[in-house]
>>> print(open('upload-v5.txt').read())   # compact mmCIF, C-alpha atoms
# COMPACT_ATOMS: atom_id res chain seq x y z
CA MET A 425 -46.36 -21.59 -45.86
CA LYS A 426 -47.52 -19.94 -42.64
CA LYS A 427 -46.71 -23.16 -40.75
CA TYR A 428 -43.08 -23.12 -41.94
CA MET A 429 -42.77 -19.43 -41.16
CA LEU A 430 -44.00 -20.04 -37.60
CA ILE A 431 -41.51 -22.87 -37.08
CA GLY A 432 -38.75 -20.63 -38.44
CA LEU A 433 -39.75 -17.84 -36.08
CA VAL A 434 -39.73 -20.20 -33.07
CA ALA A 435 -36.31 -21.47 -34.07
CA PHE A 436 -35.00 -17.91 -34.40
CA VAL A 437 -36.35 -16.93 -30.97
CA ALA A 438 -34.80 -20.03 -29.42
CA MET A 439 -31.46 -19.31 -31.05
CA PHE A 440 -31.63 -15.65 -29.93
CA ALA A 441 -32.37 -16.74 -26.35
CA PHE A 442 -29.45 -19.20 -26.44
CA VAL A 443 -27.05 -16.49 -27.65
CA ASN A 444 -28.30 -14.08 -24.96
CA CYS A 445 -27.83 -16.72 -22.26
CA LYS A 446 -24.31 -17.41 -23.49
CA LEU A 447 -23.46 -13.70 -23.48
CA ALA A 448 -24.94 -13.32 -20.00
CA ALA A 449 -22.87 -16.25 -18.78
CA GLN A 450 -19.73 -14.61 -20.16
CA LYS A 451 -20.50 -11.54 -18.02
CA GLN A 452 -20.42 -13.60 -14.84
CA TYR A 453 -17.79 -15.23 -12.72
CA VAL A 454 -18.58 -18.79 -11.70
CA ILE A 455 -16.22 -20.06 -9.01
CA ASN A 456 -16.32 -23.76 -8.24
CA GLY A 457 -14.33 -24.57 -5.14
CA THR A 458 -13.08 -27.78 -3.54
CA ILE A 459 -11.83 -27.46 0.03
CA LYS A 460 -9.94 -30.02 2.10
CA GLY A 461 -10.15 -29.33 5.82
CA VAL A 462 -13.51 -27.52 5.90
CA PRO A 463 -16.15 -30.12 4.93
CA SER A 464 -19.08 -27.84 5.76
CA GLY A 465 -19.67 -24.23 6.63
CA THR A 466 -19.79 -20.92 4.80
CA VAL A 467 -17.65 -19.17 2.20
CA LYS A 468 -17.33 -15.45 1.52
CA LEU A 469 -15.78 -13.57 -1.37
CA ILE A 470 -14.35 -10.34 0.06
CA TYR A 471 -12.83 -7.28 -1.59
CA GLN A 472 -10.10 -5.65 0.52
CA ASN A 473 -9.74 -1.92 -0.13
CA GLU A 474 -6.09 -1.23 0.56
CA ASP A 475 -6.58 2.56 0.40
CA ASP A 476 -8.77 2.77 3.50
CA ARG A 477 -8.22 -0.76 4.86
CA THR A 478 -11.89 -1.62 4.72
CA SER A 479 -13.45 -4.79 3.36
CA LYS A 480 -16.70 -5.59 1.60
CA THR A 481 -18.36 -8.96 1.13
CA ILE A 482 -19.15 -9.34 -2.57
CA ASP A 483 -20.67 -12.83 -2.48
CA SER A 484 -21.26 -15.69 -0.06
CA GLY A 485 -22.38 -19.30 -0.13
CA ILE A 486 -22.55 -22.66 1.61
CA ILE A 487 -19.79 -25.29 1.81
CA ALA A 488 -21.25 -28.80 1.53
CA ASN A 489 -19.11 -31.92 1.35
CA GLY A 490 -16.04 -29.73 0.89
CA LYS A 491 -17.45 -27.94 -2.16
CA PHE A 492 -18.97 -24.55 -2.94
CA GLU A 493 -20.08 -22.42 -5.87
CA LEU A 494 -20.18 -18.62 -6.20
CA LYS A 495 -21.66 -16.63 -9.09
CA GLY A 496 -21.88 -12.96 -9.98
CA ASP A 497 -20.69 -10.05 -12.11
CA ILE A 498 -17.35 -8.61 -10.98
CA GLY A 499 -17.03 -6.07 -13.78
CA VAL A 500 -13.31 -5.31 -14.04
CA PRO A 501 -11.15 -8.16 -12.63
CA LYS A 502 -10.00 -7.84 -9.01
CA MET A 503 -7.85 -9.71 -6.56
CA MET A 504 -10.27 -11.00 -3.90
CA THR A 505 -10.07 -12.87 -0.61
CA VAL A 506 -11.88 -16.18 -0.15
CA THR A 507 -12.74 -16.70 3.54
CA LEU A 508 -13.91 -20.02 4.93
CA GLU A 509 -15.77 -20.63 8.19
CA PRO A 510 -15.51 -22.16 10.71
CA GLY A 511 -11.86 -21.29 11.34
CA ASN A 512 -11.46 -18.02 9.41
CA TRP A 513 -9.25 -19.62 6.74
CA SER A 514 -8.42 -17.31 3.85
CA PHE A 515 -6.52 -17.07 0.56
CA ASN A 516 -6.49 -14.69 -2.42
CA VAL A 517 -7.73 -15.36 -5.94
CA PHE A 518 -8.07 -13.22 -9.06
CA VAL A 519 -11.76 -13.00 -9.95
CA GLU A 520 -12.89 -12.18 -13.47
CA ASN A 521 -16.04 -12.92 -15.44
CA SER A 522 -15.19 -16.44 -16.52
CA PRO A 523 -15.47 -20.01 -15.19
CA ILE A 524 -12.92 -20.39 -12.37
CA SER A 525 -11.93 -23.48 -10.40
CA VAL A 526 -10.33 -23.29 -6.98
CA THR A 527 -8.86 -26.08 -4.89
CA ALA A 528 -7.48 -25.55 -1.38
CA ASP A 529 -6.09 -27.59 1.49
CA THR A 530 -5.90 -26.09 4.99
CA THR A 531 -2.91 -28.31 5.85
CA GLY A 532 0.23 -26.24 6.37
CA SER A 533 -1.60 -22.92 6.76
CA THR A 534 -0.02 -19.99 8.61
CA HIS A 535 -2.00 -19.13 11.75
CA TYR A 536 -2.19 -15.66 13.30
CA ASP A 537 -3.76 -14.12 16.40
CA TYR A 538 -4.14 -10.34 16.60
CA THR A 539 -6.81 -10.27 19.31
CA ALA A 540 -4.38 -8.47 21.63
CA TYR A 541 -4.48 -5.57 19.15
CA GLY A 542 -8.25 -5.47 18.86
CA MET A 543 -8.31 -7.55 15.68
CA GLY A 544 -9.16 -11.17 14.88
CA LYS A 545 -7.43 -14.48 14.46
CA GLY A 546 -7.40 -17.05 11.71
CA ALA A 547 -5.11 -18.68 9.15
CA MET A 548 -3.69 -17.92 5.73
CA VAL A 549 -4.04 -20.95 3.46
CA LYS A 550 -0.79 -21.67 1.64
CA ASN A 551 -1.80 -24.75 -0.33
CA PHE A 552 -4.29 -23.66 -3.01
CA THR A 553 -4.58 -23.35 -6.79
CA GLU A 554 -6.77 -21.39 -9.20
CA THR A 555 -7.48 -22.13 -12.84
CA GLY A 556 -9.52 -20.20 -15.41
CA SER A 557 -8.11 -16.73 -14.80
CA LYS A 558 -5.38 -15.40 -17.09
CA ASN A 559 -4.77 -12.56 -14.63
CA TYR A 560 -4.07 -15.09 -11.89
CA ASP A 561 -1.82 -17.15 -14.17
CA ASP A 562 0.23 -14.07 -15.08
CA TRP A 563 0.40 -12.90 -11.46
CA MET A 564 1.67 -16.30 -10.26
CA LYS A 565 4.19 -16.51 -13.09
CA TYR A 566 5.54 -13.16 -11.93
CA GLN A 567 5.50 -14.22 -8.27
CA ASN A 568 7.28 -17.51 -8.93
CA ASP A 569 9.85 -16.16 -11.38
CA PRO A 570 13.37 -17.37 -10.45
CA GLY A 571 14.51 -13.76 -10.66
CA GLN A 572 12.17 -12.92 -7.80
CA LYS A 573 12.95 -16.04 -5.80
CA GLN A 574 16.71 -15.42 -5.88
CA TYR A 575 16.42 -12.89 -3.05
CA GLU A 576 14.60 -15.20 -0.62
CA PRO A 577 17.75 -16.82 0.86
CA ALA A 578 19.22 -13.37 1.59
CA PHE A 579 16.05 -12.25 3.36
CA ALA A 580 15.89 -15.49 5.36
CA ALA A 581 19.50 -15.08 6.51
CA LEU A 582 18.93 -11.45 7.50
CA GLU A 583 15.77 -12.40 9.38
CA LYS A 584 17.81 -14.80 11.52
CA LYS A 585 20.42 -12.10 12.01
CA PHE A 586 17.74 -9.65 13.09
CA LYS A 587 16.36 -12.06 15.70
CA ALA A 588 19.87 -12.74 16.97
CA ALA A 589 20.35 -9.02 17.63
CA GLY A 590 18.09 -9.40 20.65
CA LYS A 591 17.53 -6.08 22.41
CA ASP A 592 20.49 -4.35 20.76
CA ILE A 593 18.54 -1.69 18.84
CA ASP A 594 21.60 -0.38 17.00
CA ALA A 595 22.38 -3.90 15.77
CA GLU A 596 18.74 -4.30 14.71
CA TYR A 597 18.87 -1.14 12.62
CA ARG A 598 22.11 -2.22 10.99
CA VAL A 599 20.33 -5.38 9.89
CA ARG A 600 17.35 -3.29 8.76
CA ASP A 601 19.70 -1.28 6.56
CA GLN A 602 21.00 -4.51 5.01
CA MET A 603 17.42 -5.67 4.45
CA ASP A 604 16.64 -2.36 2.76
CA SER A 605 19.60 -2.84 0.43
CA VAL A 606 18.38 -6.29 -0.62
CA GLN A 607 14.83 -4.99 -0.92
CA LYS A 608 15.96 -2.24 -3.30
CA LEU A 609 17.67 -4.83 -5.52
CA LEU A 610 14.46 -6.85 -5.57
CA GLN A 611 12.39 -3.76 -6.39
CA VAL A 612 14.65 -2.88 -9.32
CA TRP A 613 14.13 -6.39 -10.67
CA GLN A 614 10.36 -6.16 -10.12
CA LYS A 615 10.06 -2.80 -11.89
CA LYS A 616 11.99 -4.09 -14.90
CA LYS A 617 9.82 -7.22 -15.07
CA ILE A 618 6.61 -5.21 -14.78
CA ASP A 619 7.77 -2.83 -17.53
CA GLU A 620 8.39 -5.80 -19.82
CA TYR A 621 4.97 -7.29 -19.04
CA VAL A 622 3.04 -4.03 -19.49
CA ALA A 623 4.75 -3.36 -22.82
CA LYS A 624 3.15 -6.59 -24.06
CA GLU A 625 -0.09 -6.50 -22.04
CA PRO A 626 -1.00 -2.82 -21.39
CA SER A 627 -4.67 -3.61 -20.72
CA SER A 628 -4.06 -6.48 -18.28
CA VAL A 629 -5.35 -5.93 -14.76
CA ALA A 630 -2.59 -8.27 -13.57
CA GLY A 631 -0.07 -5.71 -14.82
CA ILE A 632 -1.57 -2.77 -12.93
CA TYR A 633 -1.97 -4.99 -9.85
CA MET A 634 1.74 -5.92 -10.02
CA PHE A 635 2.70 -2.26 -10.13
CA ASN A 636 0.23 -1.32 -7.40
CA GLN A 637 1.78 -3.90 -5.08
CA LEU A 638 5.27 -2.63 -5.86
CA TYR A 639 4.24 0.99 -5.38
CA MET A 640 3.15 0.30 -1.79
CA PHE A 641 6.83 -0.30 -0.97
CA VAL A 642 8.47 2.37 -3.15
CA LYS A 643 6.03 5.29 -3.02
CA GLY A 644 8.22 7.05 -0.49
CA THR A 645 11.06 7.13 -3.01
CA MET A 646 9.39 7.00 -6.45
CA THR A 647 9.32 10.39 -8.13
CA TYR A 648 6.20 12.02 -9.49
CA GLY A 649 7.62 11.78 -13.01
CA SER A 650 8.25 8.03 -12.72
CA LEU A 651 4.74 7.38 -11.39
CA ASP A 652 3.13 9.55 -14.06
CA SER A 653 5.14 7.88 -16.83
CA MET A 654 4.15 4.42 -15.61
CA LEU A 655 0.44 5.22 -15.41
CA ASN A 656 0.45 6.54 -18.97
CA LYS A 657 1.36 3.04 -20.22
CA TYR A 658 -1.92 1.38 -19.20
CA THR A 659 -5.04 0.97 -21.35
CA GLY A 660 -8.41 -0.81 -21.34
CA GLU A 661 -9.41 -2.84 -18.30
CA ALA A 662 -6.18 -1.98 -16.48
CA LYS A 663 -7.06 1.71 -16.71
CA ALA A 664 -10.64 0.99 -15.55
CA SER A 665 -9.48 -0.96 -12.50
CA THR A 666 -9.59 0.06 -8.85
CA TYR A 667 -5.79 -0.27 -8.76
CA TYR A 668 -5.36 2.36 -11.46
CA ALA A 669 -7.78 4.69 -9.65
CA SER A 670 -5.80 4.27 -6.43
CA LEU A 671 -2.52 5.09 -8.17
CA VAL A 672 -4.05 8.15 -9.86
CA LYS A 673 -5.06 9.38 -6.40
CA SER A 674 -1.49 8.88 -5.21
CA ARG A 675 -0.20 10.76 -8.25
CA THR A 676 -2.45 13.72 -7.43
CA MET A 677 -1.31 13.77 -3.80
CA LEU A 678 2.34 13.40 -4.78
CA LYS A 679 2.07 16.31 -7.21
CA ALA A 680 0.84 18.50 -4.34
CA VAL A 681 4.10 17.99 -2.42
CA GLN A 682 6.57 18.43 -5.26
CA PRO A 683 9.23 21.16 -5.01
CA GLY A 684 7.69 24.42 -6.16
CA ALA A 685 4.20 23.62 -4.85
CA VAL A 686 2.75 25.43 -1.85
CA ALA A 687 2.89 22.99 1.05
CA PRO A 688 -0.55 21.61 2.01
CA ASP A 689 -1.77 23.47 5.07
CA PHE A 690 -2.75 21.72 8.27
CA THR A 691 -3.59 22.38 11.91
CA LEU A 692 -2.48 20.12 14.77
CA LEU A 693 -2.29 20.36 18.55
CA LYS A 694 0.76 21.36 20.52
CA ARG A 695 1.61 19.88 23.90
CA ASP A 696 -0.54 22.44 25.73
CA SER A 697 -3.48 21.48 23.46
CA THR A 698 -3.44 24.80 21.63
CA LYS A 699 -3.68 24.73 17.86
CA PHE A 700 -0.73 25.25 15.53
CA THR A 701 -1.36 26.00 11.85
CA LEU A 702 1.43 25.52 9.32
CA SER A 703 0.61 28.64 7.30
CA SER A 704 1.23 30.77 10.40
CA THR A 705 4.96 30.28 9.82
CA ARG A 706 5.01 32.21 6.52
CA GLY A 707 7.87 34.68 6.30
CA LYS A 708 10.49 32.22 7.53
CA TYR A 709 12.27 29.21 6.12
CA LEU A 710 10.82 26.14 7.83
CA MET A 711 11.70 22.47 7.96
CA ILE A 712 8.91 20.03 8.76
CA ASP A 713 10.44 17.08 10.61
CA PHE A 714 8.28 13.93 10.54
CA TRP A 715 9.40 11.74 13.45
CA ALA A 716 8.16 9.60 16.37
CA SER A 717 9.31 8.67 19.87
CA TRP A 718 9.66 5.03 18.85
CA CYS A 719 11.77 5.82 15.75
CA HIS A 720 15.43 5.18 16.59
CA PRO A 721 16.99 6.96 13.57
CA CYS A 722 14.65 9.92 14.14
CA ARG A 723 16.00 10.38 17.64
CA GLN A 724 19.57 9.81 16.50
CA ALA A 725 19.13 12.75 14.12
CA ILE A 726 17.96 15.20 16.80
CA PRO A 727 21.47 16.33 17.93
CA HIS A 728 22.23 17.23 14.32
CA TRP A 729 19.06 19.30 13.97
CA LYS A 730 19.82 21.07 17.25
CA THR A 731 23.14 22.17 15.73
CA VAL A 732 21.43 23.26 12.50
CA TYR A 733 18.76 25.14 14.44
CA GLN A 734 21.36 26.95 16.51
CA LYS A 735 23.26 27.98 13.35
CA TYR A 736 20.33 29.32 11.37
CA HIS A 737 17.53 30.21 13.81
CA ASP A 738 18.64 33.82 14.26
CA LYS A 739 18.65 34.15 10.46
CA GLY A 740 14.95 33.27 10.29
CA PHE A 741 15.02 29.45 10.17
CA GLU A 742 12.41 27.39 12.04
CA ILE A 743 11.72 23.70 12.59
CA LEU A 744 8.34 22.08 13.16
CA SER A 745 8.40 18.49 14.40
CA VAL A 746 5.29 16.45 13.56
CA SER A 747 5.14 13.32 15.69
CA ASP A 748 3.67 10.05 14.44
CA ASP A 749 2.91 8.95 17.99
CA ASN A 750 -0.65 7.82 18.59
CA ARG A 751 -0.08 7.75 22.35
CA TRP A 752 0.26 11.25 23.78
CA LYS A 753 2.28 10.12 26.83
CA ASP A 754 4.97 8.51 24.62
CA TRP A 755 5.30 11.75 22.69
CA THR A 756 5.55 13.99 25.75
CA LYS A 757 8.04 11.65 27.42
CA ALA A 758 10.32 11.79 24.35
CA MET A 759 10.08 15.58 24.23
CA ASP A 760 11.11 15.77 27.89
CA GLU A 761 14.11 13.57 27.14
CA GLU A 762 15.21 15.25 23.91
CA LYS A 763 14.49 18.88 24.89
CA MET A 764 14.05 20.11 21.32
CA PRO A 765 13.83 23.94 21.32
CA TRP A 766 11.50 24.27 18.32
CA ALA A 767 7.74 23.87 17.79
CA GLN A 768 6.22 20.42 18.37
CA VAL A 769 2.84 19.03 17.29
CA ASP A 770 1.34 15.55 17.33
CA ASP A 771 -0.32 14.06 14.26
CA GLU A 772 -3.89 12.77 14.35
CA PHE A 773 -5.30 9.30 13.67
CA PRO A 774 -8.95 9.97 12.80
CA VAL A 775 -9.52 6.56 11.17
CA LYS A 776 -8.77 3.37 13.07
CA ASN A 777 -5.89 1.27 11.68
CA MET A 778 -5.04 4.00 9.15
CA PRO A 779 -1.82 6.06 8.98
CA ALA A 780 -1.68 9.54 10.51
CA LYS A 781 -3.59 12.37 8.82
CA VAL A 782 -0.79 14.83 8.02
CA GLY A 783 1.80 12.14 7.35
CA SER A 784 -0.59 10.71 4.74
CA LEU A 785 -1.26 14.17 3.31
CA TYR A 786 2.48 14.56 2.73
CA MET A 787 2.83 11.00 1.38
CA THR A 788 5.41 10.04 4.01
CA THR A 789 5.77 6.28 4.10
CA PHE A 790 8.84 6.22 6.34
CA ILE A 791 10.43 8.39 9.00
CA PRO A 792 12.47 10.41 9.57
CA PHE A 793 11.29 12.48 6.63
CA TYR A 794 11.89 16.17 5.94
CA VAL A 795 10.17 18.91 3.97
CA LEU A 796 11.90 22.28 3.66
CA LEU A 797 9.73 25.33 2.87
CA ASP A 798 10.65 28.82 1.71
CA LYS A 799 9.24 32.05 3.16
CA GLU A 800 6.12 31.79 0.97
CA GLY A 801 5.40 28.25 2.11
CA LYS A 802 6.59 26.65 -1.13
CA ILE A 803 8.41 23.33 -0.98
CA LEU A 804 12.15 23.50 -1.63
CA VAL A 805 13.22 20.00 -0.57
CA TYR A 806 11.09 16.86 -0.11
CA SER A 807 13.30 14.01 1.08
CA GLY A 808 14.21 11.51 3.75
CA ASP A 809 17.87 12.48 3.31
CA GLU A 810 19.02 15.06 5.86
CA ALA A 811 22.08 15.84 3.71
CA LYS A 812 19.77 17.37 1.08
CA ILE A 813 18.31 19.70 3.70
CA ASP A 814 21.81 20.64 4.87
CA ALA A 815 22.93 21.42 1.34
CA LYS A 816 19.91 23.64 0.65
CA LEU A 817 20.30 25.54 3.91
CA LYS A 818 23.97 26.13 3.14
CA GLN A 819 22.94 27.46 -0.27
CA ILE A 820 20.37 29.79 1.36
CA TYR A 821 22.41 31.08 4.28
CA GLY A 822 25.98 30.30 3.31
CA GLU A 823 28.49 28.73 5.68
CA LEU A 824 28.15 30.27 9.14
>>> encode(input="upload-v5.txt", output="structure tokens")
Amino acid sequence: MKKYMLIGLVAFVAMFAFVNCKLAAQKQYVINGTIKGVPSGTVKLIYQNEDDRTSKTIDSGIIANGKFELKGDIGVPKMMTVTLEPGNWSFNVFVENSPISVTADTTGSTHYDYTAYGMGKGAMVKNFTETGSKNYDDWMKYQNDPGQKQYEPAFAALEKKFKAAGKDIDAEYRVRDQMDSVQKLLQVWQKKKIDEYVAKEPSSVAGIYMFNQLYMFVKGTMTYGSLDSMLNKYTGEAKASTYYASLVKSRTMLKAVQPGAVAPDFTLLKRDSTKFTLSSTRGKYLMIDFWASWCHPCRQAIPHWKTVYQKYHDKGFEILSVSDDNRWKDWTKAMDEEKMPWAQVDDEFPVKNMPAKVGSLYMTTFIPFYVLLDKEGKILVYSGDEAKIDAKLKQIYGEL
């Protein structure tokens, strides 16, 4: 009897160990890769943090006979970059805790060289496939949807038109405006498609990743209410993802610059290197003008703001121009040329390759951009449309 009990116990322990191993395996990603063009070398799995533009190597391995294997626990699924050396070849894959197969061919890759800007050179691999990740499958289905592809010919034609404009900056900006119009049509289609997907798959990380990618292009125009409403649709892994956390941070920052909120305070340097603090302007209506010397429409708008300033300045209206120039001499040269009679400060770039400090604080993703404040420093208008500033000033002061 004892003999049978011992055998039963051994069998139970073996079965328990097998189940534990299987569960452990399910909590790991196992990426098996086959590479054509890099027979030997090294492979890295890198996470790119789009919020601060940093990267972190999550895993690495050896390429032997054009093959590699990577293993680990990714937790919540993420879009990752696979980098191959020698050659700095790279492509993106969705990594999740499941068996994943990747095949890639370096033929036809797009090469780049940014060494002149203090960055590296390499190539983006165009010919690759991934199997085993539902997130990747759903992302690629979205990317390759005919509804999305329909805009590619229009963009290609406008790209040729832009190049043909040569050094005619006005012609270039007319083409840019046309590109923006097509881009807005595409973004409307994307938002509708994402809404449909999230309604069916609210916990999918692919869904929050789709929206995160779209938001990078529309966050200058998407309202706080629209962003908040969208984030409330996600559940499960999507809500636990880094993409959701990034969007929640954006929502918090966007809320801080909504009409009715007290404008975030800041201190920047004037031309004479003295400090200028926003809150020192309390008691007057103030328009913050985000601009730059290199921004053609910003400089085209200056004559208009000179007229507005002349009309309302004696009534207590001020303008503060915040330049996005990271080269002081470009900023001062533009000021000498434009002769703007109001206060001027230059934004700061404390982190390399990141947007300016105050521009980021105010969630400005394009310029010119305007923020109108009341006498208590509360935001009245937050917009890239100068007509909205004009209308509010007319309401405040009347027609002069």
>>> atom_distance(input="upload-v5.txt", atom1="CA of Ser717 (chain A)", atom2="CA of Phe700 (chain A)")
19.9 Å
>>> closest_atom_pairs(input="upload-v5.txt", of="region 587-665 of chain A", to="region 475-478 of chain A", cutoff="12 Å", atoms="only C-alpha atoms", output="tab-separated table")
residue	atom	partner	partner_atom	distance
A:Asn636	CA	A:Asp475	CA	11.1
A:Gln637	CA	A:Asp475	CA	11.9
A:Met640	CA	A:Asp475	CA	10.2
>>> closest_residue(input="upload-v5.txt", among="A:Trp715, A:Phe552, A:Tyr733, A:Trp613", to="Ile791 (chain A)", atoms="all atoms listed in the file")
A:Trp715
>>> residues_around(input="upload-v5.txt", residues="Ser650 (chain A)", least_positions_apart="4", cutoff="12 Å", atoms="all atoms listed in the file", output="PyMOL selection string")
chain A and resi 615+619+635+639+642-643+645-646+654-657+675+678-679
>>> atom_distance(input="upload-v5.txt", atom1="CA of Lys502 (chain A)", atom2="CA of Glu520 (chain A)")
6.9 Å
>>> atom_distance(input="upload-v5.txt", atom1="CA of Gly465 (chain A)", atom2="CA of Gly544 (chain A)")
18.7 Å
>>> closest_residue(input="upload-v5.txt", among="A:Val732, A:Val782, A:Val672, A:Val805", to="Ser653 (chain A)", atoms="all atoms listed in the file")
A:Val672
>>> closest_residue(input="upload-v5.txt", among="A:Gly511, A:Pro727, A:Gly542, A:Pro501", to="Lys776 (chain A)", atoms="all atoms listed in the file")
A:Gly542
>>> residues_around(input="upload-v5.txt", residues="Met603 (chain A)", least_positions_apart="4", cutoff="12 Å", atoms="all atoms listed in the file", output="ChimeraX atom specification")
/A:575-586,596-599,607-610
>>> write_last_selection(input="upload-v5.txt", atoms="C-alpha atoms", output="CSV table (one decimal), keeping the file's coordinate frame")
chain,number,residue,atom,x,y,z
A,575,TYR,CA,16.4,-12.9,-3.0
A,576,GLU,CA,14.6,-15.2,-0.6
A,577,PRO,CA,17.8,-16.8,0.9
A,578,ALA,CA,19.2,-13.4,1.6
A,579,PHE,CA,16.0,-12.2,3.4
A,580,ALA,CA,15.9,-15.5,5.4
A,581,ALA,CA,19.5,-15.1,6.5
A,582,LEU,CA,18.9,-11.4,7.5
A,583,GLU,CA,15.8,-12.4,9.4
A,584,LYS,CA,17.8,-14.8,11.5
A,585,LYS,CA,20.4,-12.1,12.0
A,586,PHE,CA,17.7,-9.6,13.1
A,596,GLU,CA,18.7,-4.3,14.7
A,597,TYR,CA,18.9,-1.1,12.6
A,598,ARG,CA,22.1,-2.2,11.0
A,599,VAL,CA,20.3,-5.4,9.9
A,607,GLN,CA,14.8,-5.0,-0.9
A,608,LYS,CA,16.0,-2.2,-3.3
A,609,LEU,CA,17.7,-4.8,-5.5
A,610,LEU,CA,14.5,-6.8,-5.6
>>> closest_residue(input="upload-v5.txt", among="A:Trp766, A:Gln724, A:Ala664, A:Lys735", to="Gly499 (chain A)", atoms="only C-alpha atoms")
A:Ala664
>>> closest_residue(input="upload-v5.txt", among="A:Asp749, A:Asp770, A:Glu625, A:Asp814", to="Ser697 (chain A)", atoms="only C-alpha atoms")
A:Asp770
>>> build_atoms(input="upload-v5.txt", residues="region 766-779 of chain A", atoms="N, CA and C atoms", output="tab-separated table (two decimals), in the frame of the given file")
chain	number	residue	atom	x	y	z
A	766	TRP	N	12.40	23.76	19.36
A	766	TRP	CA	11.50	24.27	18.32
A	766	TRP	C	10.08	23.77	18.52
A	767	ALA	N	9.17	24.19	17.66
A	767	ALA	CA	7.74	23.87	17.79
A	767	ALA	C	7.49	22.37	17.60
A	768	GLN	N	6.57	21.84	18.40
A	768	GLN	CA	6.22	20.42	18.37
A	768	GLN	C	4.71	20.26	18.28
A	769	VAL	N	4.26	19.38	17.38
A	769	VAL	CA	2.84	19.03	17.29
A	769	VAL	C	2.73	17.52	17.11
A	770	ASP	N	1.57	16.98	17.46
A	770	ASP	CA	1.34	15.55	17.33
A	770	ASP	C	0.30	15.31	16.24
A	771	ASP	N	0.60	14.37	15.36
A	771	ASP	CA	-0.32	14.06	14.26
A	771	ASP	C	-1.59	13.40	14.79
A	772	GLU	N	-2.61	13.35	13.96
A	772	GLU	CA	-3.89	12.77	14.35
A	772	GLU	C	-4.15	11.46	13.61
A	773	PHE	N	-4.93	10.58	14.25
A	773	PHE	CA	-5.30	9.30	13.67
A	773	PHE	C	-6.83	9.19	13.68
A	774	PRO	N	-7.49	9.92	12.77
A	774	PRO	CA	-8.95	9.97	12.80
A	774	PRO	C	-9.63	8.67	12.38
A	775	VAL	N	-8.93	7.82	11.63
A	775	VAL	CA	-9.52	6.56	11.17
A	775	VAL	C	-8.73	5.40	11.76
A	776	LYS	N	-9.42	4.50	12.43
A	776	LYS	CA	-8.77	3.37	13.07
A	776	LYS	C	-7.99	2.52	12.07
A	777	ASN	N	-6.78	2.13	12.48
A	777	ASN	CA	-5.89	1.27	11.68
A	777	ASN	C	-5.37	1.94	10.41
A	778	MET	N	-5.55	3.26	10.30
A	778	MET	CA	-5.04	4.00	9.15
A	778	MET	C	-3.86	4.86	9.58
A	779	PRO	N	-2.95	5.19	8.64
A	779	PRO	CA	-1.82	6.06	8.98
A	779	PRO	C	-2.29	7.45	9.42
